[in-house]
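S.K.: Just dropping this structure here.
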Amino acid sequence: MKTILNKNSLGISKRVLDLSNRDLNQLIRKIPELLLQEVTFPIRGLGKPTLFPGSWRRFPVKIANTLAVPFDQLHFVVLDGGGKVSTAVDPTFDPKNPHVVLLAGARSGTYKLVALAPGTNGQLRAVGHLEFIVDARKAGAIGDGPPLWIDGQVNGIGPGQGTWGENGPTGQVIQTYPEVAPAIGTKRVLVLLVDTASDRYPAADMPAILTNWKGVILDGANSNDGVMRSMRSFYEEISYYVKDAKPAIGLTIDAQIAGPISLPGVWEDYFPSDYAHWSIPDPTDPEPDETKKKQIITRRFYNTPYHFQPVVDVIIERNKTAAPADQIDLTNFDIMCCVIRSVHPSDPKDAFKTYWPWRHYLSVKIPAPTAGDPAATVNKNMDPFSMPDDWTDFDGRTYQDTVCHEFGHSLGLGDLYTPAVLDVGAKDPAIGPVRNLAHWDTMGFSDFSPHFSLVSRLKLGWIRPEWLKRFNFLIKNDVDETFWLSKVEKGAPQATAYVGAEIRMGSSWNYYLEYRARVMGQIGDNHLPIDDRIVCTDAIAQGYQSTSVRPEVLLLKTDATVQSNGAILGPGQNYLELDTDGSGKQLKISVVEIKNGLAKVRVQYKVFGVDLGIRPWPAAPDRPWQSPDIEVRNEKSKKDPAYFNTAWTGQSNDIVAKITNSGTVDAPGVAVNFSIKDFNVGGNTPVTSLFFKDVRDVPAGATVEFVAPNWIPPINGHFCIQVEVLPYATAGPPLSVDMNPQNSLAQSNYSTSNLDSASPTERTIATVKVGNPYDNPTIAYLIPSQNNPFYRTYLSNRWIYLKPKEVREVTVMMESRLDWDDEHQAFVPLMSTGELRDLSSGKIGDFRNVLSYVSLPNQVSLATYMPNSITDPNYVVQLLGGAQIQVRSGRKVQIIDFQPGRSRTTGGVVTTGRPVSAVRSGQVILIYSNPSDSRKAYLTLPVLGGLFRTGPIPQMSRFRDVQAYFIPNGVYGSAYSEVIPIKDE
């Protein structure tokens, strides 16, 4: 058996317990012999502690006086792949009362946490154990969701990157849609027929049920209008799929349909509470007035996401006895659909229990045991959705129409039927007219599978940029152009035509024109409200405006006061938009003629106004939750590009906001507010302080930097900066107001305290606030991700319940899985040889590529989704926002022999601990200050061989004190010296 301090050839940490499976089995056999446990895990309550799969919990560790081994020499393992243990320390750690963090694995069962201590000759012996249970049922009942831990590389769900659907400032086409990833090639879908002990699928009916669902997803099934449709044929049609094209064109579906997946518990074990119901008048009530009769609930609806982890349990157990062709490899699918068996009432007075069709925003913890790491797991965002097995029976819509809608959510598209947006002059959304797309888009109404609107096809990458006719008043104002549109259903346009038109109204806000018509032989767009029409839509990007106010895509408004025919145009009709409030926008869209499968369209467009704006997130792929127009600058970021847009806590920072006037009129005296908020993922988190107001002129077509100087960030390093362009108008004449006031607000989250935490054995803790913007209760679903396999991230809750307007905190913890090797003066993996081998053979690539991550920071992202509780409680889920945290590892260092003087200043930088060694290279910033005022000055010096020095600096003569700061890099952490008076020599 290997000793604790053996170091293997792959270069892992010397402190890793690198046991083989054979050695571990020897220890397992010895555990029953432990008559006296010298290490115990005292916990409150009776029985064995229970954890949800993939969750974590702190356990206290008590060491008996008879065991002469300190805590930091103990090792902890979990047997049978039941989980992992972290001994990293954080601010909650008390050396006198130590604890470990137990990380539950992905499978339910009973497991042992074992404490090991070094014995004679370096041999290990078991000195204590604790039995615990991993159980996937009833994850917190109807309360907050269970904790979650992730390690490895975990892809997240977020806003993507890039400029939103518009021409660039010099005319080049920039076509990126941040909130949706392109869906090109093949999506692998897993369809599972799930039931509970409360109501099983009839065994005799299973072959027919499986065949029916194969038709729904792949082969085709009869719809209400007699047309054979499937999810695959629908998506191949609307994406213009070409089989075997290279590069891939369009989207196709591959699927495995399996079941039943029989959960062992009853319905309430997995679906603890209903949220809505259907009812009818009680026929036994003698009250003659039908409206006054008592109501009988006929069907209760559920939508909690507790069932996915139990489904994983059943699949893993099922695979043990299934034939190879029938086994289910969960890691091999992109999207999961659960068809959940409704519970039929045994008493006619009782109600059905039914799972409402719903897309879930969570990751699934999947066991991925290997020889090197039996407790290995994969956190996979499978974009899952669920449906009831009797949907058509009680709703009337077909499975194939509905799964096409739900699959659209899994691709990132939002609901377009809610909230209802009234048209100009409309009074009642029940009467109309409303601007929602309804039968013009499957995400608006799924009956008979209408195609997606033009902007959705653009987001998903199915329409090429050159297929669009584009208008951008920044490039060309005072437009009057006529062009041809071909039917969008046919894909690539004719040589003289376009498939659609895009009119830029503002940053993250566009109008789109498309020609919609029935096409012989197609399965979609067969039931358009009106055939052969130009459809005009209004589209915004996520983050531009709250989708609690409006969906992302609407029809243009119908304003009869300006003789406009509205958003659906036939030959000889036009859409007219005139701004009478001084913004100066004029737009007219006319349909000249429609013939031979082409529509001739005329666009007249003129702007003579101000359009002030700042862009919301995302800034870049590695900055998904920051605005590209907000930047923090300081002396550290000037000297080291690695700290671009990174706040320097405790020191002076300048906040810079880039405000653009996309209009055609100069805007003098623009006012911008800079505010500070708590670190948050969105919602109604309040401003904690208004830091600064800056006023500057912004010429037409220009971008101007507004600056809030000398900001000192909070020492905890977690905060949010909000920038707001205040409402703008000039008295005139002529009257001029901001044409597009919706793009006047942006925020960026920052987390910097981890940069100063130099120890790889420490765990850092941050809190992030989540706010409910609604007047009704709702749920926030939190989805973490990280890009570096040598780190681990913890979340206190996978989802939380929020009262109306409530703001709550969620805890995020991060730790490094790297350890400093004094011999090689470098970081090495703090994991077993087997785990490192598994890591290098996975998606990251070969071993050398894996080790390249050692020197890179970990980018942690937290995306948050929330149901819009005002419109449709609990199942219309929208992206709320997110936060990001950058985590770095660095060897702890200290500044020594710091001697500042008027003629010269010297000092050294060395590592802490034993042995002490000089820092090979780096930079030190000298911070000059006076005790009587807040003025500071900075001077950057190189560190060579552990030393830094400078001669006389005349410009610093006005300062009395100086402090040295070592800038952390990929090897060393940060360090401050004391503030020391400058010696007069």
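Within each chain, counting starts at residue 1; across the structure tokens, chains are named A, B, ... in the order shown, with ligands numbered 1 upward in that order.
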Which neighbours of range 659-665 of chain A fall inside 6 Å, counting only C-alpha atoms, when residues of the same chain fewer than 5 positions from it are skipped, and could you give them as a tab-separated table (two decimals) with C-alpha atoms, in the first residue's frame?
M.R.:
chain	number	residue	atom	x	y	z
A	608	PHE	CA	-33.79	63.46	-37.31
A	609	GLY	CA	-33.45	62.95	-33.59
A	610	VAL	CA	-31.30	61.87	-30.65
A	611	ASP	CA	-30.76	58.21	-29.76
A	612	LEU	CA	-28.66	57.85	-26.61
A	613	GLY	CA	-27.76	54.38	-25.46
A	614	ILE	CA	-25.54	52.03	-23.49
A	700	ALA	CA	-24.54	62.71	-33.42
A	701	GLY	CA	-22.99	59.38	-34.37
A	702	ALA	CA	-20.32	59.65	-31.66
A	703	THR	CA	-19.38	57.59	-28.60
A	704	VAL	CA	-18.28	59.60	-25.56
S.K.: Could you pull out the strand (DSSP E or B) residues of range 314-534 of chain A, going by DSSP on the backbone, and write them as a tab-separated table (two decimals) with C-alpha atoms, in the first residue's frame?
M.R.:
chain	number	residue	atom	x	y	z
A	335	ILE	CA	-31.91	17.33	-24.71
A	336	MET	CA	-34.09	15.21	-22.44
A	337	CYS	CA	-37.88	14.93	-22.62
A	338	CYS	CA	-39.80	13.17	-19.84
A	339	VAL	CA	-43.33	12.01	-20.69
A	340	ILE	CA	-44.84	11.66	-17.23
A	343	VAL	CA	-52.32	9.74	-11.96
A	352	PHE	CA	-56.22	13.81	-12.05
A	353	LYS	CA	-52.63	14.65	-11.12
A	354	THR	CA	-50.86	15.92	-14.20
A	355	TYR	CA	-47.48	17.37	-15.05
A	358	TRP	CA	-42.66	22.75	-19.13
A	359	ARG	CA	-39.00	23.36	-19.94
A	364	VAL	CA	-28.53	17.00	-14.27
A	365	LYS	CA	-25.91	15.23	-12.15
A	366	ILE	CA	-24.89	12.05	-13.98
A	367	PRO	CA	-22.68	9.29	-12.52
A	377	THR	CA	-19.82	12.77	-12.05
A	378	VAL	CA	-20.82	14.91	-15.00
A	379	ASN	CA	-22.96	18.00	-14.64
A	380	LYS	CA	-24.87	18.17	-17.89
A	385	PHE	CA	-38.60	19.48	-20.68
A	386	SER	CA	-41.52	17.36	-19.52
A	387	MET	CA	-45.03	16.55	-20.76
A	388	PRO	CA	-48.03	14.60	-19.47
A	422	LEU	CA	-52.34	45.58	-26.31
A	428	ASP	CA	-59.04	44.51	-23.17
A	432	GLY	CA	-57.95	42.59	-28.48
A	434	VAL	CA	-53.06	42.45	-29.19
A	468	LEU	CA	-31.39	39.88	-45.56
A	469	LYS	CA	-32.00	43.38	-46.84
A	470	ARG	CA	-30.65	45.61	-44.06
A	471	PHE	CA	-31.35	49.21	-43.14
A	479	VAL	CA	-34.05	55.98	-47.08
A	480	ASP	CA	-36.52	55.30	-49.90
A	481	GLU	CA	-35.87	51.86	-51.39
A	482	THR	CA	-37.92	49.17	-53.14
A	483	PHE	CA	-36.93	45.49	-53.13
A	484	TRP	CA	-38.36	41.97	-53.53
A	485	LEU	CA	-38.97	39.39	-50.81
A	486	SER	CA	-39.39	35.67	-51.48
A	487	LYS	CA	-41.38	33.30	-49.30
A	498	TYR	CA	-34.22	38.66	-50.19
A	500	GLY	CA	-36.43	39.20	-45.22
A	501	ALA	CA	-35.54	42.73	-44.19
A	502	GLU	CA	-34.03	44.08	-40.98
A	503	ILE	CA	-34.54	47.70	-39.93
A	504	ARG	CA	-32.32	48.87	-37.08
A	505	MET	CA	-34.37	50.93	-34.64
A	506	GLY	CA	-31.71	51.10	-31.91
A	509	TRP	CA	-33.95	46.67	-31.06
A	510	ASN	CA	-34.88	45.85	-34.67
A	511	TYR	CA	-37.92	45.58	-36.93
A	512	TYR	CA	-38.18	42.63	-39.32
A	513	LEU	CA	-40.18	42.07	-42.50
A	514	GLU	CA	-40.96	38.62	-43.92
A	515	TYR	CA	-43.20	37.23	-46.65
A	516	ARG	CA	-45.34	34.38	-45.24
A	533	ARG	CA	-48.89	38.54	-46.46
A	534	ILE	CA	-45.93	40.61	-45.36
S.K.: Determine, counting only C-alpha atoms, which protein, DNA and RNA residues have an atom within 7 Å of an atom of range 50-62 of chain A; residues of the same chain fewer than 4 positions away are not included. Present the result as a ChimeraX atom specification.
M.R.: /A:39-42,98-108,132-136,139,146-149,365
S.K.: Which is closest to Ala325 in chain A among A:Val670, A:Leu795, A:Ala258, A:Leu46, if we use only C-alpha atoms?
M.R.: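 So, comparing all the options, the nearest one is A:Ala258.
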S.K.: Under the rule that only C-alpha atoms are counted, which of A:Pro70, A:Gly47, A:Pro900, A:Gly683 is the nearest residue to Gly881 in chain A?
M.R.: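 The answer is A:Gly683, which sits nearest to Gly881 in chain A.
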S.K.: Could you tell me how far CA of Trp278 in chain A lies from CA of Gln295 in chain A, in Å and to one decimal?
M.R.: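 Pair CA of Trp278 in chain A / CA of Gln295 in chain A returns 9.5 Å.
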S.K.: Please run DSSP on the backbone and report, as a ChimeraX atom specification, all residues within range 797-946 of chain A that come out as helix (DSSP H, G or I).
M.R.: /A:833-840,847-851
S.K.: How would the residues just chosen look if you wrote them out with C-alpha atoms as a short mmCIF file (atom, residue, chain, number, x, y, z; two decimals), in the first residue's frame?
M.R.:
data_model
loop_
_atom_site.label_atom_id
_atom_site.label_comp_id
_atom_site.auth_asym_id
_atom_site.auth_seq_id
_atom_site.Cartn_x
_atom_site.Cartn_y
_atom_site.Cartn_z
CA THR A 833 -3.40 9.90 -10.58
CA GLY A 834 -6.47 8.07 -11.84
CA GLU A 835 -8.63 11.19 -11.77
CA LEU A 836 -5.97 13.16 -13.64
CA ARG A 837 -5.71 10.41 -16.27
CA ASP A 838 -9.49 10.42 -16.66
CA LEU A 839 -9.45 14.18 -17.03
CA SER A 840 -6.81 14.09 -19.74
CA PHE A 847 -2.47 15.37 -20.81
CA ARG A 848 -0.40 18.35 -21.93
CA ASN A 849 -3.53 20.26 -22.81
CA VAL A 850 -4.96 19.51 -19.38
CA LEU A 851 -1.91 20.92 -17.62
#
S.K.: Do a neighbour search on Leu190 in chain A at 10 Å with only C-alpha atoms, toss out local chain neighbours closer than 4 positions, and write the hits as a list in words.
M.R.: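 Close residues of Leu190 in chain A: Asp254, Ala255, Gln256, Ile257, Ala258, Ile328, Asp329, Leu330, Asn332, Phe333, Asp334, Ile335, Met336, Cys337, Cys338, Met382 and Pro384 of chain A.
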S.K.: Export, as an mmCIF file, in the first residue's frame, the selected residues with C-alpha atoms.
M.R.:
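Output below, filename out-v1.cif:
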data_model
loop_
_atom_site.group_PDB
_atom_site.id
_atom_site.type_symbol
_atom_site.label_atom_id
_atom_site.label_comp_id
_atom_site.auth_asym_id
_atom_site.auth_seq_id
_atom_site.Cartn_x
_atom_site.Cartn_y
_atom_site.Cartn_z
ATOM 1 C CA ASP A 254 -31.943 11.947 -33.659
ATOM 2 C CA ALA A 255 -33.705 10.302 -30.737
ATOM 3 C CA GLN A 256 -33.921 7.339 -28.404
ATOM 4 C CA ILE A 257 -37.345 6.600 -26.937
ATOM 5 C CA ALA A 258 -37.274 4.413 -23.841
ATOM 6 C CA ILE A 328 -29.149 4.644 -22.074
ATOM 7 C CA ASP A 329 -25.968 6.712 -22.061
ATOM 8 C CA LEU A 330 -27.109 10.002 -20.550
ATOM 9 C CA ASN A 332 -24.703 11.058 -25.227
ATOM 10 C CA PHE A 333 -27.752 13.360 -25.481
ATOM 11 C CA ASP A 334 -28.286 17.080 -25.852
ATOM 12 C CA ILE A 335 -31.908 17.332 -24.713
ATOM 13 C CA MET A 336 -34.091 15.209 -22.441
ATOM 14 C CA CYS A 337 -37.877 14.933 -22.615
ATOM 15 C CA CYS A 338 -39.796 13.169 -19.841
ATOM 16 C CA MET A 382 -29.611 18.769 -21.002
ATOM 17 C CA PRO A 384 -34.859 19.168 -20.300
#
S.K.: Would you pick out the contacts of Gly145 in chain A at 7 Å or less, using only C-alpha atoms, so that residues sharing its chain but fewer than 6 positions from it are not included, and give the list as a compact mmCIF listing (two decimals) with N, CA and C atoms, in the first residue's frame?
M.R.:
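Generated file (result05.txt):
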# COMPACT_ATOMS: atom_id res chain seq x y z
N ALA A 139 -36.86 16.69 -2.72
CA ALA A 139 -35.71 17.60 -2.55
C ALA A 139 -36.17 18.90 -1.92
N ASN A 797 -28.07 26.69 -3.05
CA ASN A 797 -29.39 26.23 -3.47
C ASN A 797 -29.46 26.21 -4.99
N ARG A 798 -30.10 25.17 -5.52
CA ARG A 798 -30.30 25.10 -6.97
C ARG A 798 -31.44 26.01 -7.41
N TRP A 799 -32.38 26.22 -6.54
CA TRP A 799 -33.44 27.18 -6.79
C TRP A 799 -33.92 27.71 -5.45
N ILE A 800 -34.50 28.90 -5.45
CA ILE A 800 -35.04 29.48 -4.22
C ILE A 800 -36.41 30.07 -4.51
S.K.: Quick one: distance from CA of Leu690 in chain A to CA of Leu745 in chain A in Å, one decimal?
M.R.: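 Pair CA of Leu690 in chain A / CA of Leu745 in chain A returns 14.2 Å.
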S.K.: From the list A:Gly669, A:Gly408, A:Gly109, A:Pro118, which residue is nearest Phe76 in chain A when using only C-alpha atoms?
M.R.: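 Closest to Phe76 in chain A, using only C-alpha atoms: A:Pro118.
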S.K.: Got a sec: who's within 8 Å of range 892-896 of chain A, counting only C-alpha atoms, leaving out chain neighbours fewer than 3 positions off, as a list of chain:residue names?
M.R.: A:Ala758, A:Ser759, A:Gly907, A:Gly908, A:Val909, A:Val910, A:Thr911, A:Thr912, A:Val919, A:Ala964, A:Phe966, A:Tyr972, A:Gly973, A:Ser974, A:Ala975, A:Tyr976, A:Ser977
S.K.: Go through A:Gln747, A:Ser903, A:Pro857, A:Glu705 and flag the residue nearest Val687 in chain A, using only C-alpha atoms for the distances.
M.R.: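 Selected residue with least distance to Val687 in chain A: A:Gln747.
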S.K.: Give me, please, the distance in Å between CA of Thr940 in chain A and CA of Asn645 in chain A, quoted to one decimal.
M.R.: 18.5 Å
S.K.: Out of A:Asn788, A:Ser748, A:Ser233, A:Ser262, which residue has the shortest atom-to-atom distance to Tyr201 in chain A when counting only C-alpha atoms?
M.R.: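 Smallest separation from Tyr201 in chain A among the options: A:Ser262.
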